[in-house]
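The structure file target-v9.cif is reproduced below (mmCIF, C-alpha atoms and all ligand atoms).
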```
data_final
loop_
_atom_site.label_atom_id
_atom_site.label_comp_id
_atom_site.auth_asym_id
_atom_site.auth_seq_id
_atom_site.Cartn_x
_atom_site.Cartn_y
_atom_site.Cartn_z
CA MET I 1 126.82 -25.72 80.41
CA SER I 2 125.84 -22.17 79.40
CA ASN I 3 129.45 -21.67 78.23
CA GLN I 4 129.15 -24.74 76.04
CA ASN I 5 125.82 -23.48 74.64
CA GLY I 6 127.48 -20.15 73.84
CA SER I 7 130.31 -21.85 71.94
CA LEU I 8 127.85 -24.00 70.01
CA ALA I 9 125.81 -20.93 69.08
CA ARG I 10 128.98 -19.13 67.91
CA LEU I 11 130.03 -22.18 65.86
CA ASP I 12 126.54 -22.41 64.35
CA SER I 13 126.53 -18.72 63.43
CA LEU I 14 130.03 -19.03 61.91
CA MET I 15 128.89 -21.98 59.78
CA HIS I 16 125.88 -20.05 58.54
CA SER I 17 127.53 -16.65 58.24
CA LYS I 18 128.27 -15.40 54.77
CA PHE I 19 131.79 -15.11 53.51
CA VAL I 20 131.43 -12.41 50.88
CA VAL I 21 133.90 -13.11 48.13
CA ARG I 22 135.23 -10.16 46.11
CA ASP I 23 136.84 -10.06 42.68
CA LEU I 24 140.03 -8.25 41.63
CA TYR I 25 138.16 -4.91 41.45
CA GLY I 26 136.54 -5.46 44.86
CA ARG I 27 133.13 -6.38 43.40
CA PRO I 28 131.10 -8.87 45.47
CA VAL I 29 128.88 -11.56 43.93
CA LYS I 30 125.29 -10.62 44.74
CA ASP I 31 123.18 -11.50 41.75
CA LEU I 32 122.99 -14.95 40.12
CA ARG I 33 121.33 -15.49 36.76
CA ILE I 34 120.45 -19.10 36.22
CA SER I 35 119.78 -20.33 32.72
CA VAL I 36 117.47 -23.30 33.12
CA THR I 37 117.53 -24.24 29.44
CA ASP I 38 119.18 -23.10 26.23
CA ARG I 39 116.02 -24.03 24.28
CA CYS I 40 113.71 -21.31 23.07
CA ASN I 41 110.46 -21.24 21.11
CA PHE I 42 111.38 -17.84 19.57
CA ARG I 43 114.28 -16.83 17.35
CA CYS I 44 114.59 -13.13 18.12
CA THR I 45 116.68 -11.44 15.47
CA TYR I 46 118.70 -9.51 18.07
CA CYS I 47 119.38 -12.60 20.21
CA MET I 48 119.52 -15.96 18.46
CA PRO I 49 118.05 -15.87 14.96
CA LEU I 50 119.58 -19.18 13.81
CA ASP I 51 117.28 -22.09 12.99
CA GLU I 52 120.08 -24.61 13.42
CA TYR I 53 122.09 -24.49 16.61
CA GLU I 54 124.26 -26.85 18.64
CA TRP I 55 121.90 -27.42 21.55
CA ILE I 56 123.22 -28.68 24.86
CA ASP I 57 122.76 -32.44 25.20
CA LYS I 58 119.83 -33.13 27.56
CA ARG I 59 122.03 -35.25 29.87
CA GLU I 60 124.31 -32.27 30.42
CA ILE I 61 121.51 -30.00 31.63
CA LEU I 62 121.55 -29.52 35.40
CA THR I 63 118.71 -31.12 37.34
CA PHE I 64 116.61 -28.93 39.64
CA GLU I 65 118.34 -30.57 42.63
CA GLU I 66 121.75 -29.63 41.22
CA ILE I 67 120.62 -26.06 40.52
CA ALA I 68 119.18 -25.69 44.03
CA ARG I 69 122.38 -27.01 45.60
CA LEU I 70 124.49 -24.49 43.68
CA ALA I 71 122.05 -21.70 44.50
CA ARG I 72 122.45 -22.47 48.20
CA LEU I 73 126.24 -22.36 47.90
CA PHE I 74 126.16 -19.07 45.96
CA ILE I 75 123.93 -17.56 48.64
CA ARG I 76 126.52 -18.51 51.25
CA LEU I 77 129.09 -16.60 49.19
CA GLY I 78 127.01 -13.41 49.06
CA VAL I 79 124.26 -13.87 46.46
CA GLU I 80 120.99 -12.20 47.49
CA LYS I 81 119.11 -12.18 44.21
CA ILE I 82 118.43 -14.95 41.69
CA ARG I 83 116.91 -14.53 38.25
CA LEU I 84 115.72 -17.56 36.27
CA THR I 85 116.27 -17.13 32.58
CA GLY I 86 117.43 -18.96 29.46
CA GLY I 87 116.74 -19.60 26.56
CA GLU I 88 113.09 -19.49 27.42
CA PRO I 89 112.69 -20.64 31.04
CA LEU I 90 109.03 -21.56 30.65
CA VAL I 91 109.77 -24.23 28.05
CA ARG I 92 111.58 -26.22 30.76
CA ARG I 93 109.11 -28.78 32.04
CA ASP I 94 107.85 -28.21 35.62
CA ILE I 95 109.83 -25.02 36.04
CA GLU I 96 107.55 -24.22 38.98
CA SER I 97 109.10 -27.08 40.96
CA LEU I 98 112.45 -25.29 40.72
CA VAL I 99 110.78 -22.15 42.07
CA VAL I 100 109.45 -24.25 44.98
CA LYS I 101 113.03 -25.30 45.78
CA LEU I 102 114.55 -21.82 45.47
CA SER I 103 111.96 -19.45 46.93
CA PRO I 104 112.38 -20.54 50.58
CA LEU I 105 116.20 -20.52 50.53
CA ASP I 106 117.56 -18.79 53.59
CA GLY I 107 119.31 -15.54 52.69
CA LEU I 108 117.65 -15.15 49.28
CA LYS I 109 116.02 -11.72 49.19
CA ASP I 110 114.71 -11.68 45.65
CA LEU I 111 113.74 -14.36 43.13
CA CYS I 112 112.54 -13.36 39.69
CA LEU I 113 112.16 -14.73 36.20
CA THR I 114 112.59 -13.30 32.71
CA THR I 115 110.36 -14.77 30.02
CA ASN I 116 109.26 -14.08 26.48
CA GLY I 117 105.71 -14.46 27.86
CA SER I 118 104.46 -16.92 25.24
CA LEU I 119 103.64 -19.61 27.83
CA LEU I 120 102.93 -17.29 30.72
CA ALA I 121 99.14 -17.55 30.53
CA GLU I 122 99.48 -21.31 31.13
CA LYS I 123 102.13 -20.99 33.81
CA ALA I 124 101.31 -17.85 35.82
CA SER I 125 99.13 -19.58 38.40
CA ALA I 126 101.61 -22.41 39.10
CA LEU I 127 104.55 -19.98 39.29
CA LYS I 128 102.72 -17.76 41.75
CA ALA I 129 101.72 -20.73 43.90
CA ALA I 130 105.35 -21.88 43.84
CA GLY I 131 106.50 -18.63 45.43
CA LEU I 132 107.49 -16.37 42.53
CA ARG I 133 106.45 -12.79 43.20
CA ARG I 134 107.73 -10.77 40.28
CA ILE I 135 108.44 -11.26 36.64
CA ASN I 136 110.03 -9.58 33.59
CA VAL I 137 108.40 -10.10 30.21
CA SER I 138 110.19 -9.28 26.97
CA LEU I 139 108.05 -7.33 24.53
CA ASP I 140 109.62 -5.12 21.86
CA THR I 141 106.60 -3.94 19.90
CA LEU I 142 102.80 -3.93 20.02
CA ASP I 143 102.51 -4.40 16.28
CA PRO I 144 101.63 -8.10 15.65
CA ASP I 145 103.37 -8.28 12.26
CA LYS I 146 106.51 -6.61 13.50
CA PHE I 147 106.43 -8.85 16.57
CA ARG I 148 106.36 -11.90 14.32
CA ARG I 149 109.25 -10.52 12.25
CA MET I 150 111.36 -9.72 15.30
CA THR I 151 110.79 -13.06 17.05
CA LYS I 152 110.52 -15.07 13.82
CA ARG I 153 107.98 -17.36 15.52
CA GLY I 154 106.08 -15.43 18.16
CA ASP I 155 102.37 -14.65 18.47
CA LEU I 156 101.87 -11.25 20.11
CA SER I 157 98.39 -12.10 21.39
CA LYS I 158 99.81 -14.96 23.51
CA VAL I 159 102.30 -12.61 25.17
CA ILE I 160 99.62 -10.02 25.91
CA GLU I 161 97.44 -12.79 27.33
CA GLY I 162 100.36 -13.92 29.48
CA LEU I 163 100.98 -10.40 30.76
CA PHE I 164 97.39 -10.00 31.90
CA ALA I 165 97.34 -13.50 33.41
CA ALA I 166 100.42 -12.52 35.45
CA LYS I 167 98.69 -9.31 36.49
CA SER I 168 95.54 -11.13 37.56
CA HIS I 169 97.62 -13.52 39.67
CA GLY I 170 99.14 -10.60 41.51
CA PHE I 171 102.71 -10.53 40.19
CA ASP I 172 104.20 -7.22 41.22
CA PRO I 173 106.06 -5.57 39.69
CA ILE I 174 105.64 -6.80 36.15
CA LYS I 175 108.42 -5.28 34.07
CA ILE I 176 108.38 -5.16 30.31
CA ASN I 177 111.79 -5.47 28.66
CA ALA I 178 112.15 -3.99 25.20
CA VAL I 179 115.37 -4.09 23.20
CA VAL I 180 115.47 -1.01 20.98
CA GLU I 181 116.91 -1.54 17.51
CA ARG I 182 117.33 1.37 15.09
CA GLY I 183 115.09 1.16 12.06
CA VAL I 184 113.20 -1.77 13.53
CA ASN I 185 111.28 -0.75 16.66
CA ASP I 186 112.65 2.64 17.71
CA ASP I 187 109.29 4.04 16.63
CA ASP I 188 107.51 1.75 19.13
CA VAL I 189 108.98 3.29 22.28
CA ILE I 190 106.12 5.69 23.02
CA ASP I 191 103.43 3.07 22.30
CA LEU I 192 105.13 0.72 24.75
CA VAL I 193 105.39 3.46 27.39
CA ASP I 194 101.70 4.27 26.91
CA PHE I 195 100.75 0.62 27.19
CA CYS I 196 102.75 0.22 30.41
CA ARG I 197 101.34 3.38 31.98
CA GLU I 198 97.80 2.37 31.09
CA ASN I 199 98.14 -1.10 32.56
CA GLY I 200 100.44 -0.66 35.54
CA PHE I 201 103.51 -2.35 34.04
CA ALA I 202 107.03 -0.98 34.46
CA ALA I 203 108.72 -0.25 31.12
CA ARG I 204 112.36 -1.05 30.69
CA PHE I 205 114.28 -0.26 27.51
CA ILE I 206 117.52 -2.03 26.72
CA GLU I 207 120.22 -0.79 24.38
CA TYR I 208 120.85 -3.29 21.66
CA MET I 209 124.01 -5.14 22.69
CA ASP I 210 126.56 -7.20 20.82
CA VAL I 211 125.82 -10.35 22.82
CA GLY I 212 126.76 -13.64 21.20
CA ASN I 213 127.92 -13.80 17.60
CA SER I 214 124.87 -14.67 15.57
CA ASN I 215 122.90 -11.40 15.67
CA ASN I 216 125.33 -9.48 13.40
CA TRP I 217 125.36 -6.48 15.73
CA THR I 218 126.66 -3.20 14.40
CA SER I 219 126.82 0.12 16.23
CA GLU I 220 124.43 1.62 13.59
CA LYS I 221 121.64 -0.57 15.00
CA LEU I 222 122.17 0.82 18.47
CA VAL I 223 119.81 3.49 19.82
CA PRO I 224 121.70 5.13 22.71
CA LYS I 225 120.06 5.63 26.08
CA LYS I 226 120.23 9.41 25.63
CA GLU I 227 118.07 9.21 22.51
CA ILE I 228 115.53 6.81 24.11
CA LEU I 229 115.29 9.09 27.12
CA GLU I 230 114.78 12.23 25.02
CA LYS I 231 112.04 10.52 23.05
CA ILE I 232 110.14 9.59 26.24
CA ASN I 233 110.84 12.84 28.05
CA LYS I 234 109.46 14.86 25.14
CA ARG I 235 106.11 13.14 25.64
CA PHE I 236 106.07 12.44 29.38
CA ALA I 237 108.24 14.43 31.79
CA LEU I 238 110.64 12.21 33.71
CA ARG I 239 112.63 12.48 36.94
CA GLU I 240 115.74 10.37 37.47
CA VAL I 241 115.60 7.99 40.42
CA GLY I 242 118.92 6.18 39.85
CA ARG I 243 120.01 2.56 39.99
CA GLU I 244 118.30 0.24 42.45
CA ASN I 245 120.84 -0.65 45.16
CA GLY I 246 123.39 1.41 43.26
CA SER I 247 124.35 -1.58 41.10
CA ALA I 248 121.28 -2.57 39.03
CA PRO I 249 121.79 -2.55 35.24
CA ALA I 250 118.87 -0.14 34.69
CA VAL I 251 118.84 3.54 35.53
CA ASP I 252 115.28 4.20 36.74
CA TYR I 253 113.13 7.26 36.04
CA GLU I 254 109.69 8.08 37.40
CA PHE I 255 107.05 9.94 35.47
CA ALA I 256 106.57 13.43 36.86
CA ASP I 257 102.79 12.83 36.95
CA GLY I 258 103.35 9.87 39.30
CA ARG I 259 102.00 7.29 36.85
CA GLY I 260 104.70 4.67 36.95
CA GLU I 261 108.35 4.36 36.11
CA VAL I 262 110.67 3.49 33.29
CA GLY I 263 114.17 2.01 33.36
CA ILE I 264 116.89 2.15 30.73
CA VAL I 265 119.73 -0.37 30.49
CA ALA I 266 122.65 1.26 28.72
CA SER I 267 125.31 -1.42 28.70
CA VAL I 268 126.89 0.03 25.54
CA THR I 269 126.88 3.80 26.05
CA GLU I 270 127.02 3.94 29.85
CA PRO I 271 128.72 0.73 30.95
CA PHE I 272 128.23 -0.30 34.57
CA CYS I 273 131.11 -2.79 34.83
CA SER I 274 132.57 -1.05 37.87
CA THR I 275 129.61 -2.14 40.02
CA CYS I 276 128.75 -5.39 38.25
CA ASN I 277 128.03 -8.08 40.84
CA ARG I 278 126.37 -10.60 38.50
CA ALA I 279 127.38 -14.22 38.01
CA ARG I 280 125.75 -16.51 35.47
CA LEU I 281 125.14 -20.22 35.57
CA THR I 282 124.57 -21.90 32.21
CA ALA I 283 122.03 -24.69 31.80
CA ASP I 284 124.91 -27.19 31.66
CA GLY I 285 126.46 -25.91 34.86
CA LYS I 286 129.16 -23.49 33.76
CA LEU I 287 129.89 -20.46 35.87
CA VAL I 288 130.27 -17.41 33.62
CA THR I 289 131.50 -14.14 35.09
CA CYS I 290 130.48 -11.70 32.33
CA LEU I 291 127.67 -11.48 29.76
CA PHE I 292 130.36 -11.13 27.09
CA SER I 293 132.56 -14.03 28.21
CA SER I 294 133.90 -16.57 25.77
CA VAL I 295 134.43 -19.27 28.42
CA GLY I 296 132.71 -20.70 31.46
CA HIS I 297 134.00 -22.63 34.48
CA ASP I 298 132.69 -26.15 34.89
CA LEU I 299 130.68 -26.70 38.07
CA LYS I 300 128.69 -29.65 36.74
CA SER I 301 131.70 -32.01 36.91
CA LEU I 302 132.16 -31.10 40.56
CA LEU I 303 128.47 -31.71 41.25
CA ARG I 304 128.62 -35.08 39.55
CA ASN I 305 131.98 -36.36 40.86
CA GLY I 306 131.02 -36.33 44.51
CA SER I 307 132.70 -33.05 45.49
CA THR I 308 131.62 -31.68 48.84
CA ASP I 309 129.88 -28.34 49.32
CA GLU I 310 133.15 -26.93 50.68
CA GLU I 311 135.10 -28.06 47.60
CA ILE I 312 132.55 -26.54 45.24
CA SER I 313 132.42 -23.30 47.24
CA ARG I 314 136.21 -23.09 47.19
CA PHE I 315 136.20 -23.51 43.40
CA ILE I 316 133.58 -20.76 42.94
CA THR I 317 135.49 -18.48 45.31
CA GLY I 318 138.68 -19.05 43.33
CA VAL I 319 136.99 -18.19 40.02
CA TRP I 320 135.33 -15.06 41.42
CA ALA I 321 138.48 -13.90 43.22
CA ARG I 322 140.34 -13.93 39.86
CA ARG I 323 137.54 -12.10 38.02
CA LYS I 324 138.60 -8.97 36.19
CA ASP I 325 135.94 -8.65 33.46
CA ARG I 326 135.07 -5.15 32.30
CA TYR I 327 134.04 -5.94 28.76
CA SER I 328 131.50 -3.15 28.25
CA ALA I 329 133.87 -0.51 29.57
CA GLU I 330 136.58 -1.75 27.17
CA ARG I 331 134.07 -1.86 24.30
CA LEU I 332 133.10 1.75 24.87
CA GLU I 333 136.77 2.80 24.84
CA ALA I 334 137.20 0.90 21.56
CA LEU I 335 133.96 2.30 20.07
CA LEU I 336 135.07 5.83 20.88
CA SER I 337 138.39 5.25 19.14
CA SER I 338 136.58 3.55 16.20
CA SER I 339 138.60 0.37 16.71
CA TYR I 340 135.80 -1.95 17.77
CA ASP I 341 135.03 -5.03 15.74
CA PRO I 342 132.57 -7.33 17.56
CA ARG I 343 133.49 -10.26 15.30
CA GLN I 344 136.99 -10.35 16.76
CA HIS I 345 135.67 -11.44 20.11
CA LYS I 346 133.96 -14.84 20.22
CA LYS I 347 131.26 -14.82 22.90
CA ILE I 348 128.92 -17.42 24.29
CA GLU I 349 125.45 -16.97 22.75
CA MET I 350 123.00 -15.26 25.13
CA ILE I 351 120.57 -18.12 24.65
CA THR I 352 123.20 -20.44 26.15
CA LEU I 353 124.58 -18.34 28.95
CA GLY I 354 121.34 -16.78 30.17
CA GLY I 355 120.36 -13.17 29.59
C1 LIG U 401 118.11 -13.90 26.49
S1 LIG U 401 116.52 -13.49 27.07
C2 LIG U 401 116.10 -14.92 28.01
C3 LIG U 401 114.75 -14.89 28.65
C4 LIG U 401 113.54 -14.95 27.76
N1 LIG U 401 113.67 -15.85 26.68
C5 LIG U 401 113.18 -13.57 27.27
O1 LIG U 401 113.28 -13.31 26.07
O2 LIG U 401 112.81 -12.75 28.09
C6 LIG U 401 116.77 -12.28 28.34
C7 LIG U 401 116.73 -10.86 27.91
O3 LIG U 401 117.82 -10.59 27.06
C8 LIG U 401 117.41 -9.62 26.13
N2 LIG U 401 118.29 -9.63 24.97
C9 LIG U 401 118.50 -10.63 24.09
N3 LIG U 401 119.36 -10.25 23.12
C10 LIG U 401 119.72 -8.97 23.39
C11 LIG U 401 120.57 -8.01 22.75
N4 LIG U 401 121.25 -8.30 21.65
N5 LIG U 401 120.69 -6.79 23.31
C12 LIG U 401 120.00 -6.48 24.45
N6 LIG U 401 119.20 -7.34 25.10
C13 LIG U 401 119.05 -8.58 24.58
C14 LIG U 401 116.00 -10.08 25.81
O4 LIG U 401 115.25 -9.04 25.24
C15 LIG U 401 115.49 -10.48 27.15
O5 LIG U 401 114.85 -9.39 27.79
S1 LIG U 402 116.05 -16.35 24.58
FE1 LIG U 402 114.54 -14.69 24.79
S2 LIG U 402 115.46 -13.05 23.61
FE2 LIG U 402 116.53 -14.91 23.00
S3 LIG U 402 115.47 -15.73 21.18
FE3 LIG U 402 114.51 -16.63 22.96
S4 LIG U 402 112.82 -15.26 23.47
FE4 LIG U 402 114.15 -14.16 22.16
#
```

For this file, produce the structure as structure tokens.
Ligand SMILES: C[S@@+](CC[C@H](N)C(=O)[O-])C[C@H]1O[C@@H](n2cnc3c(N)ncnc32)[C@H](O)[C@@H]1O
Ligand code: SF4
Amino acid sequence: MSNQNGSLARLDSLMHSKFVVRDLYGRPVKDLRISVTDRCNFRCTYCMPLDEYEWIDKREILTFEEIARLARLFIRLGVEKIRLTGGEPLVRRDIESLVVKLSPLDGLKDLCLTTNGSLLAEKASALKAAGLRRINVSLDTLDPDKFRRMTKRGDLSKVIEGLFAAKSHGFDPIKINAVVERGVNDDDVIDLVDFCRENGFAARFIEYMDVGNSNNWTSEKLVPKKEILEKINKRFALREVGRENGSAPAVDYEFADGRGEVGIVASVTEPFCSTCNRARLTADGKLVTCLFSSVGHDLKSLLRNGSTDEEISRFITGVWARRKDRYSAERLEALLSSSYDPRQHKKIEMITLGG
């Protein structure tokens, strides 16, 4: 009898053990970014400035049950961290009920959400009650007029209100993401750092990237990490901490006076493709293996044609095992040899694939 119990326990542990799939460069899949909608109430000039866009048909958008099922399968394949994003995730109705489904998933170590903050004041309480613990809010300037110009529709006061609502509900950490664009908001870096230090937020600056095709990116608009760092370091001495878990997109720095930290994401000038363990799921159920991909792999059809968990897992494993993306590394090589033309590479818009 005890022998039989032992075999059953072994079988059970085998069924629940993780098979960590690796791609062609040996990179595991650890981080899943789920776009819950391609809709957005802003039109940020660096992301998706177009008024007209071919939105995903509502019937094609994954239900929360479908998303949760895929999340569970990804976790079995090695995913430990999930970020909800979009488009603007808070425009998806009842987003908190997705958080309720995801937050207790066995094996999930970290669940977070990236938002433009415009609806955060309304949603912070429900999100916290649903099990979300931390949040990233995009905020590129503290100047209301510039904010309106950069987002084309946004109201800065709503975002600030959302940030403080999140703080009062105990979200921790609250990170502020700012994309730095030359000639637009490179003069806002210190104000943003000050604001974060004063209020206990973590600042995170992101090099302007050539995501999608509609933002008309050029390398002249890029402010390299080195320059952002020098600007901050001149005002507040910094000490490098490094990348969280060795593979996070941001390199973290702490202020020498102990008052907080700042991260810089340098996808263009210091690509981190060699450790990239991020998969993306679009709102219509496509698995995308790189932020700069032009194609996705259809999981929605499998979900909706009665495929079993094993069949779906096998499909995901096959896609990941063939993965060889290193777009940012190739872009840097091309930029250095002056042969890079972003228009030659058609990419999925960030608003569709999830930033
Ligand atoms: C696509 S948004 C989606 C989530 C949410 N709407 C928001 O703005 O936070 C995710 C992140 O991508 C960043 N992002 C968008 N376009 C970018 C670009 N061209 N270069 C660098 N980061 C970009 C945004 O600033 C934001 O922090
Ligand atoms: S998805 Fe986020 S970054 Fe893109 S336009 Fe909307 S708010 Fe701006």

(message) Can you measure CA of Glu240 (chain I) to CA of Glu227 (chain I) for me? One decimal in Å is fine.
(response) 15.2 Å

Residues up to 7 Å from ligand LIG 401 (chain U), counting all atoms listed in the file: could you list those as a PDB file with C-alpha atoms, in the coordinates of the input?
```pdb
ATOM      1  CA  CYS I  40     113.710 -21.310  23.070  1.00  0.00           C
ATOM      2  CA  TYR I  46     118.700  -9.510  18.070  1.00  0.00           C
ATOM      3  CA  CYS I  47     119.380 -12.600  20.210  1.00  0.00           C
ATOM      4  CA  THR I  85     116.270 -17.130  32.580  1.00  0.00           C
ATOM      5  CA  GLY I  86     117.430 -18.960  29.460  1.00  0.00           C
ATOM      6  CA  GLY I  87     116.740 -19.600  26.560  1.00  0.00           C
ATOM      7  CA  GLU I  88     113.090 -19.490  27.420  1.00  0.00           C
ATOM      8  CA  PRO I  89     112.690 -20.640  31.040  1.00  0.00           C
ATOM      9  CA  THR I 114     112.590 -13.300  32.710  1.00  0.00           C
ATOM     10  CA  THR I 115     110.360 -14.770  30.020  1.00  0.00           C
ATOM     11  CA  ASN I 116     109.260 -14.080  26.480  1.00  0.00           C
ATOM     12  CA  ASN I 136     110.030  -9.580  33.590  1.00  0.00           C
ATOM     13  CA  VAL I 137     108.400 -10.100  30.210  1.00  0.00           C
ATOM     14  CA  SER I 138     110.190  -9.280  26.970  1.00  0.00           C
ATOM     15  CA  ASN I 177     111.790  -5.470  28.660  1.00  0.00           C
ATOM     16  CA  ALA I 178     112.150  -3.990  25.200  1.00  0.00           C
ATOM     17  CA  VAL I 179     115.370  -4.090  23.200  1.00  0.00           C
ATOM     18  CA  ILE I 206     117.520  -2.030  26.720  1.00  0.00           C
ATOM     19  CA  GLU I 207     120.220  -0.790  24.380  1.00  0.00           C
ATOM     20  CA  TYR I 208     120.850  -3.290  21.660  1.00  0.00           C
ATOM     21  CA  MET I 209     124.010  -5.140  22.690  1.00  0.00           C
ATOM     22  CA  ASP I 210     126.560  -7.200  20.820  1.00  0.00           C
ATOM     23  CA  VAL I 211     125.820 -10.350  22.820  1.00  0.00           C
ATOM     24  CA  ASN I 215     122.900 -11.400  15.670  1.00  0.00           C
ATOM     25  CA  MET I 350     123.000 -15.260  25.130  1.00  0.00           C
ATOM     26  CA  ILE I 351     120.570 -18.120  24.650  1.00  0.00           C
ATOM     27  CA  GLY I 354     121.340 -16.780  30.170  1.00  0.00           C
ATOM     28  CA  GLY I 355     120.360 -13.170  29.590  1.00  0.00           C
TER      29      GLY I 355
END
```

(message) Which polymer residues, whether protein, DNA or RNA, lie within 9 Å of the coordinate (120.8, -28.2, 39.5) when you count all atoms listed in the file? List them as a list in words, using the chain letters and numbers from the file.
(response) Val36, Ile61, Leu62, Thr63, Phe64, Glu65, Glu66, Ile67, Ala68, Arg69, Leu70, Ala71, Leu98, Ala283, Asp284, Gly285, Lys300 and Leu303 of chain I

Quick one: axis-aligned box around all listed atoms of ligand LIG 402 (chain U), 3 Å on every side, centre and edge lengths in Å to one decimal, written as lines of an AutoDock Vina configuration file.
```
center_x = 114.7
center_y = -14.8
center_z = 23.0
size_x = 9.7
size_y = 9.6
size_z = 9.6
```

(message) Nearest residue to ligand LIG 402 (chain U) out of I:Glu254, I:Asp140, I:Asp298, I:Glu333, using all atoms listed in the file?
(response)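 Among the listed residues, I:Asp140 lies closest to ligand LIG 402 (chain U).
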
(message) Report, in Å to a single decimal, how far apart CA of Ala129 (chain I) and CA of Phe171 (chain I) are.
(response) 10.9 Å

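Pairwise distance (CA of Leu287 (chain I), CA of Cys112 (chain I)) equals 19.1 Å.
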
(request) For each of I:Leu222, I:Val79, I:Leu142, I:Val319, take the minimum atom-to-atom distance to Leu24 (chain I), counting only C-alpha atoms, then give the residue where this is smallest. (result) I:Val319

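In this comparison, which uses only C-alpha atoms, the residue of I:Ser157, I:Thr141, I:Thr317, I:Thr308 approaching Val184 (chain I) most closely is I:Thr141.
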
(request) Return the single residue from I:Lys58, I:Arg323, I:Arg278, I:Arg93 that is closest to Glu80 (chain I), with distances computed using only C-alpha atoms. (result) I:Arg278

(message) Taking only C-alpha atoms into account, name the residue in I:Leu50, I:Val100, I:Val29, I:Val265 that is nearest to Arg76 (chain I).
(response)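 When distances to Arg76 (chain I) are compared using only C-alpha atoms, the smallest one comes from I:Val29.
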
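Remark: for ligand LIG 402 (chain U), the closest of the candidate residues I:Lys152, I:Arg27, I:Arg33, I:Lys146 is I:Lys152 (distances computed over only C-alpha atoms and all ligand atoms).
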